[in-house]
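First comes the structure, then the notes that go with it.
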Amino acid sequence: MVAWQEFLKGKRGKKDVQEFGFNLMDNILSLHGELASQRYRHGGYYQFRIADPKPRIIHKAEVRDRLVHHAIHRLLYPFFDKTFFADSFSCRIKKGTHRALNRFRAIAYKVSKNHTKTCWVLKCDIKKFFDSINHQILLKILKAYIPDQKIIWLLENVISSFSTKPGFGLPLGNLTSQLFANVYMNQFDQFVKHKLKARHYVRYADDFVFLSPDKERLVEIIPKIQDFLEENLKLFIHKDKLFLKTLVSGVDFLGWVHFPDHRVIRFVTKWKMFRRLKENPNEQSRQSYLGMLGHGNANKIKARLNLLLPSTEVPIFRSDWFEEHLGGGWAWFVRLYNRTNNRRERRKLFRRRKVILFPRSCLAERCRVFCNQKPLR
């Protein structure tokens with residue numbers, strides 16, 4: 001039942017979930033009986049496409065199978081998470097994209113000695129990662145950690161339920177696929193740390209970077225990385241996505257382009273963000289994008305978002321009212337005030353204008369009457 005409660009989050013309105021929940025106890029008892037007697041067989045998948053940020057094919061399992069996935073994840077994740085490399089950030093509790101970005105920045109500071117030395121970055125990406133995961137190698141890794149044959153039988157049932165070609169591939173829609181991917185790539189992480197002795201290395205799923213002040217050292221490890229992945233994991237580095245460059249020239253990693261003292265959002269991400277807001281303007285999406293942009297240097301993009309979809313939470317001033325009641329020369333103030341959604345920046349604008357022309361209390365009171373709100377302090 002705990003797995004069902006976790007699975008139910010955010011899915012209560014789905015038709016297939018409601019149908020399964022209508023006879024919940026009967027369905028759960030039936031599923032339990034199949035698992036206990038090892039008669040359980042994983043069902044098929046429903047396929048659909050998304051384009052976020054690039055085209056992908058998602059495979060969605062039936063509700064009963066997804067419930068099994070949650071139960072497996074609850075059992076195995078706490079154990080395997082302890083075995084994972086510390087700088088692996090994909091689909092882990094208290095990790096994630098933003099912490100990976102901050103870790104990359106911290107390592108860059110360390111390698112470049114606070115940006116007084118040149119920092120070289122080797123960025124690699126695995127070609128068709130999920131489609132290339134070998135079932136036999138994955139099961140061999142799992143068997144090395146799990147002695148219980150009943151659990152292995154269930155994992156083999158889930159893994160063999162999908163394939164892009166015989167013996168290869170994991171579906172992107174399964175919760176277990178994220179865990180299995182980390183277990184699979186943990187072999188590479190351990191090789192990098194214990195065999196290559198690479199101190200400055202960050203990985204997010206199939207996207208990983210090495211940082212070093214020595215360019216020749218990074219050039220030397222490229223064939224070693226390729227050999228290990230091909231021989232031991234049957235994976236291949238994407239030739240067009242392998243880069244060796246300095247941090248000063250800008251490194252594209254996890255949706256942001258990183259520089260020594262700042263990072264800016266990737267151009268394609270910015271273009272898609274504005275396109276979506278123009279097609280479907282709503283406050284929730286805007287606030288979500290503003291939160292994402294807060295993790296980098298994006299003040300100009302924030303201003304464009306505020307102009308594209310003005311906030312409904314704060315009043316919008318009109319220059320004609322100011323000119324009528326307070327005199328001329330207020331166009332610049334109104335334009336900047338309406339552009340920003342940050343309370344601190346709005347206070348700065350008030351202070352700047354109040355000092356020039358009016359006593360603080362006078363302007364604050366007149367603005368309070370106009371906006372029908374408490375004066376800014």
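Chain labels run A, B, ... following the order of the structure tokens; each chain numbers its residues from 1, and ligands are numbered from 1 in the order shown.
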
Can you list, as JSON, numbers by chain, all residues belonging to segment 32-278 of chain A that DSSP tags as alpha helix (DSSP H)? {"A": [32, 33, 34, 35, 36, 63, 64, 65, 66, 67, 68, 69, 70, 71, 72, 73, 74, 75, 76, 77, 78, 79, 80, 81, 97, 98, 99, 100, 101, 102, 103, 104, 105, 106, 107, 108, 109, 110, 111, 129, 130, 131, 132, 135, 136, 137, 138, 139, 140, 141, 142, 143, 144, 145, 149, 150, 151, 152, 153, 154, 155, 156, 157, 158, 159, 175, 176, 177, 178, 179, 180, 181, 182, 183, 184, 185, 186, 187, 188, 189, 190, 191, 192, 193, 194, 215, 216, 217, 218, 219, 220, 221, 222, 223, 224, 225, 226, 227, 228, 267, 268, 269, 270, 271, 272, 273, 274, 275, 276, 277, 278]}

Rows by chain and residue number, segment 210-252 of chain A within 12 Å of segment 162-182 of chain A, shortest pair, only C-alpha atoms, as a tab-separated table:
residue	atom	partner	partner_atom	distance
A:Leu233	CA	A:Phe168	CA	11.3
A:Lys234	CA	A:Phe168	CA	9.9
A:Leu235	CA	A:Phe168	CA	10.9

Neighbour list for Phe228 of chain A as a VMD selection string, cut-off 12 Å, only C-alpha atoms, skip fewer than 3 positions in-chain: chain A and resid 185 187 to 192 195 to 196 221 to 225 231 to 237

Selection from above, N, CA, C and O atoms, as a CSV table (one decimal), in the first residue's frame, can you write it?
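Wrote result.csv, looks like this:
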chain,number,residue,atom,x,y,z
A,185,MET,N,26.0,2.5,-15.0
A,185,MET,CA,27.1,3.5,-15.1
A,185,MET,C,28.0,3.6,-13.9
A,185,MET,O,29.0,4.2,-14.0
A,187,GLN,N,29.6,1.3,-12.7
A,187,GLN,CA,30.8,0.6,-13.1
A,187,GLN,C,31.9,1.5,-13.7
A,187,GLN,O,33.1,1.4,-13.4
A,188,PHE,N,31.4,2.4,-14.6
A,188,PHE,CA,32.2,3.4,-15.2
A,188,PHE,C,32.8,4.4,-14.2
A,188,PHE,O,33.9,4.8,-14.2
A,189,ASP,N,31.9,4.8,-13.3
A,189,ASP,CA,32.3,5.8,-12.2
A,189,ASP,C,33.5,5.2,-11.4
A,189,ASP,O,34.4,5.9,-11.1
A,190,GLN,N,33.3,4.0,-11.0
A,190,GLN,CA,34.4,3.3,-10.2
A,190,GLN,C,35.7,3.2,-11.0
A,190,GLN,O,36.8,3.4,-10.4
A,191,PHE,N,35.6,2.9,-12.2
A,191,PHE,CA,36.8,2.8,-13.1
A,191,PHE,C,37.5,4.2,-13.2
A,191,PHE,O,38.7,4.3,-13.1
A,192,VAL,N,36.7,5.2,-13.3
A,192,VAL,CA,37.2,6.6,-13.4
A,192,VAL,C,38.0,7.0,-12.2
A,192,VAL,O,39.1,7.5,-12.2
A,195,LYS,N,40.8,3.6,-11.2
A,195,LYS,CA,41.8,3.2,-12.2
A,195,LYS,C,42.4,4.4,-12.9
A,195,LYS,O,43.6,4.5,-13.0
A,196,LEU,N,41.6,5.3,-13.3
A,196,LEU,CA,42.1,6.5,-14.0
A,196,LEU,C,42.6,7.5,-13.0
A,196,LEU,O,43.3,8.5,-13.3
A,221,ILE,N,43.4,10.3,-21.5
A,221,ILE,CA,42.3,9.4,-20.9
A,221,ILE,C,41.2,9.1,-21.9
A,221,ILE,O,40.4,8.2,-21.7
A,222,ILE,N,41.1,9.9,-23.0
A,222,ILE,CA,40.0,9.7,-24.0
A,222,ILE,C,40.0,8.2,-24.5
A,222,ILE,O,38.9,7.6,-24.5
A,223,PRO,N,41.1,7.7,-25.1
A,223,PRO,CA,41.0,6.3,-25.5
A,223,PRO,C,40.7,5.3,-24.4
A,223,PRO,O,40.1,4.2,-24.7
A,224,LYS,N,41.2,5.6,-23.2
A,224,LYS,CA,41.0,4.6,-22.1
A,224,LYS,C,39.5,4.6,-21.7
A,224,LYS,O,38.9,3.5,-21.4
A,225,ILE,N,38.8,5.8,-21.8
A,225,ILE,CA,37.4,5.9,-21.5
A,225,ILE,C,36.6,5.1,-22.6
A,225,ILE,O,35.7,4.3,-22.3
A,231,GLU,N,34.3,-2.2,-24.2
A,231,GLU,CA,34.6,-3.6,-23.9
A,231,GLU,C,33.7,-4.1,-22.7
A,231,GLU,O,33.3,-5.3,-22.7
A,232,ASN,N,33.5,-3.3,-21.7
A,232,ASN,CA,32.8,-3.7,-20.5
A,232,ASN,C,31.3,-3.4,-20.5
A,232,ASN,O,30.5,-4.2,-19.9
A,233,LEU,N,30.9,-2.3,-21.1
A,233,LEU,CA,29.5,-2.0,-21.0
A,233,LEU,C,28.8,-1.9,-22.4
A,233,LEU,O,27.6,-1.6,-22.5
A,234,LYS,N,29.5,-2.1,-23.5
A,234,LYS,CA,28.9,-2.1,-24.8
A,234,LYS,C,28.3,-0.8,-25.1
A,234,LYS,O,27.3,-0.7,-25.8
A,235,LEU,N,28.9,0.3,-24.7
A,235,LEU,CA,28.5,1.7,-24.9
A,235,LEU,C,29.5,2.4,-25.8
A,235,LEU,O,30.7,2.1,-25.8
A,236,PHE,N,29.0,3.4,-26.5
A,236,PHE,CA,29.9,4.2,-27.4
A,236,PHE,C,29.8,5.7,-27.2
A,236,PHE,O,28.7,6.2,-27.0
A,237,ILE,N,30.9,6.3,-27.2
A,237,ILE,CA,30.9,7.8,-27.0
A,237,ILE,C,30.4,8.4,-28.3
A,237,ILE,O,30.8,8.0,-29.4

According to DSSP computed on the backbone, where in segment 82-292 of chain A is there strand (DSSP E)? Give the residues as a PyMOL selection string. chain A and resi 120-125+201-204+207-212+243-246+251-253+256-258+263-265

Could you jot down the atom CA of Gln149 of chain A to atom CA of Arg74 of chain A separation for me, Å, one decimal place?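 Atom CA of Gln149 of chain A sits 18.1 Å away from atom CA of Arg74 of chain A.
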
Selection: 12 Å around segment 79-87 of chain A, only C-alpha atoms, excl. self and same-chain fewer than 4 positions, as a ChimeraX atom specification: /A:72-75,91-97,99-104,106-107,141-142,144-146,179-194,198-205,208-210

With C-alpha atoms retained, could you export that selection as a PDB file, in the first residue's frame?
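And here is the file that came out, out_1.pdb:
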ATOM      1  CA  ILE A  72      11.131  -2.438  -6.641  1.00  0.00           C
ATOM      2  CA  HIS A  73      12.486   1.108  -6.436  1.00  0.00           C
ATOM      3  CA  ARG A  74      11.497   1.427  -2.749  1.00  0.00           C
ATOM      4  CA  LEU A  75      13.344  -1.804  -1.984  1.00  0.00           C
ATOM      5  CA  CYS A  91      17.687  10.702 -10.306  1.00  0.00           C
ATOM      6  CA  ARG A  92      19.016  10.625  -6.751  1.00  0.00           C
ATOM      7  CA  ILE A  93      17.605  12.079  -3.541  1.00  0.00           C
ATOM      8  CA  LYS A  94      19.267  15.394  -2.574  1.00  0.00           C
ATOM      9  CA  LYS A  95      21.077  15.511  -5.924  1.00  0.00           C
ATOM     10  CA  GLY A  96      19.643  16.682  -9.265  1.00  0.00           C
ATOM     11  CA  THR A  97      20.495  19.158 -12.011  1.00  0.00           C
ATOM     12  CA  ARG A  99      23.364  20.568  -7.480  1.00  0.00           C
ATOM     13  CA  ALA A 100      25.301  19.176 -10.433  1.00  0.00           C
ATOM     14  CA  LEU A 101      25.664  22.732 -11.812  1.00  0.00           C
ATOM     15  CA  ASN A 102      26.910  24.014  -8.464  1.00  0.00           C
ATOM     16  CA  ARG A 103      29.319  21.112  -8.118  1.00  0.00           C
ATOM     17  CA  PHE A 104      30.708  21.810 -11.585  1.00  0.00           C
ATOM     18  CA  ALA A 106      32.951  24.472  -7.315  1.00  0.00           C
ATOM     19  CA  ILE A 107      35.333  22.073  -9.085  1.00  0.00           C
ATOM     20  CA  ILE A 141      25.911  -6.475 -12.211  1.00  0.00           C
ATOM     21  CA  LEU A 142      22.644  -6.863 -10.271  1.00  0.00           C
ATOM     22  CA  ALA A 144      26.737  -9.454  -7.923  1.00  0.00           C
ATOM     23  CA  TYR A 145      24.851  -7.332  -5.370  1.00  0.00           C
ATOM     24  CA  ILE A 146      21.595  -9.311  -4.875  1.00  0.00           C
ATOM     25  CA  LEU A 179      17.849   3.216 -11.134  1.00  0.00           C
ATOM     26  CA  PHE A 180      19.161   0.556 -13.522  1.00  0.00           C
ATOM     27  CA  ALA A 181      20.962   3.246 -15.549  1.00  0.00           C
ATOM     28  CA  ASN A 182      22.770   4.473 -12.432  1.00  0.00           C
ATOM     29  CA  VAL A 183      23.679   0.901 -11.455  1.00  0.00           C
ATOM     30  CA  TYR A 184      24.995   0.310 -14.978  1.00  0.00           C
ATOM     31  CA  MET A 185      27.063   3.510 -15.133  1.00  0.00           C
ATOM     32  CA  ASN A 186      28.368   3.057 -11.590  1.00  0.00           C
ATOM     33  CA  GLN A 187      30.832   0.567 -13.075  1.00  0.00           C
ATOM     34  CA  PHE A 188      32.246   3.376 -15.193  1.00  0.00           C
ATOM     35  CA  ASP A 189      32.305   5.772 -12.220  1.00  0.00           C
ATOM     36  CA  GLN A 190      34.377   3.331 -10.167  1.00  0.00           C
ATOM     37  CA  PHE A 191      36.762   2.823 -13.098  1.00  0.00           C
ATOM     38  CA  VAL A 192      37.247   6.586 -13.443  1.00  0.00           C
ATOM     39  CA  LYS A 193      37.934   7.125  -9.737  1.00  0.00           C
ATOM     40  CA  HIS A 194      40.009   4.020  -8.917  1.00  0.00           C
ATOM     41  CA  ALA A 198      40.465  11.270 -12.004  1.00  0.00           C
ATOM     42  CA  ARG A 199      39.828  13.660  -9.116  1.00  0.00           C
ATOM     43  CA  HIS A 200      37.596  16.169 -10.876  1.00  0.00           C
ATOM     44  CA  TYR A 201      34.750  14.360 -12.600  1.00  0.00           C
ATOM     45  CA  VAL A 202      30.972  14.996 -12.639  1.00  0.00           C
ATOM     46  CA  ARG A 203      28.291  12.803 -14.226  1.00  0.00           C
ATOM     47  CA  TYR A 204      24.583  13.312 -14.851  1.00  0.00           C
ATOM     48  CA  ALA A 205      23.055  10.210 -16.511  1.00  0.00           C
ATOM     49  CA  PHE A 208      29.817  13.633 -17.960  1.00  0.00           C
ATOM     50  CA  VAL A 209      32.769  16.024 -17.737  1.00  0.00           C
ATOM     51  CA  PHE A 210      36.388  15.877 -16.631  1.00  0.00           C
TER      52      PHE A 210
END

Exercise: Met292 of chain A partners within 10 Å, only C-alpha atoms, chain neighbours under 5 positions left out, as a PDB file with N, CA, C and O atoms, in the first residue's frame:
ATOM      1  N   HIS A  98      20.458  21.043 -10.479  1.00  0.00           N
ATOM      2  CA  HIS A  98      21.001  22.273  -9.896  1.00  0.00           C
ATOM      3  C   HIS A  98      22.224  21.996  -9.022  1.00  0.00           C
ATOM      4  O   HIS A  98      23.187  22.770  -9.027  1.00  0.00           O
ATOM      5  N   ILE A 265      22.012  30.721 -19.935  1.00  0.00           N
ATOM      6  CA  ILE A 265      21.174  29.629 -20.418  1.00  0.00           C
ATOM      7  C   ILE A 265      21.455  29.363 -21.894  1.00  0.00           C
ATOM      8  O   ILE A 265      21.796  30.273 -22.654  1.00  0.00           O
ATOM      9  N   ARG A 286       5.336  31.020 -16.264  1.00  0.00           N
ATOM     10  CA  ARG A 286       6.289  32.125 -16.128  1.00  0.00           C
ATOM     11  C   ARG A 286       7.055  32.030 -14.817  1.00  0.00           C
ATOM     12  O   ARG A 286       8.277  32.196 -14.795  1.00  0.00           O
ATOM     13  N   GLN A 287       6.354  31.739 -13.726  1.00  0.00           N
ATOM     14  CA  GLN A 287       7.027  31.623 -12.442  1.00  0.00           C
ATOM     15  C   GLN A 287       7.995  30.440 -12.435  1.00  0.00           C
ATOM     16  O   GLN A 287       9.067  30.507 -11.818  1.00  0.00           O
ATOM     17  N   ALA A 298      20.732  35.703 -15.791  1.00  0.00           N
ATOM     18  CA  ALA A 298      19.669  35.829 -16.798  1.00  0.00           C
ATOM     19  C   ALA A 298      18.752  37.010 -16.499  1.00  0.00           C
ATOM     20  O   ALA A 298      17.539  36.917 -16.678  1.00  0.00           O
TER      21      ALA A 298
END

Using only C-alpha atoms, find the one residue out of A:Arg64, A:Arg49, A:Arg105, A:Arg12 that sits nearest to Glu34 of chain A. A:Arg64
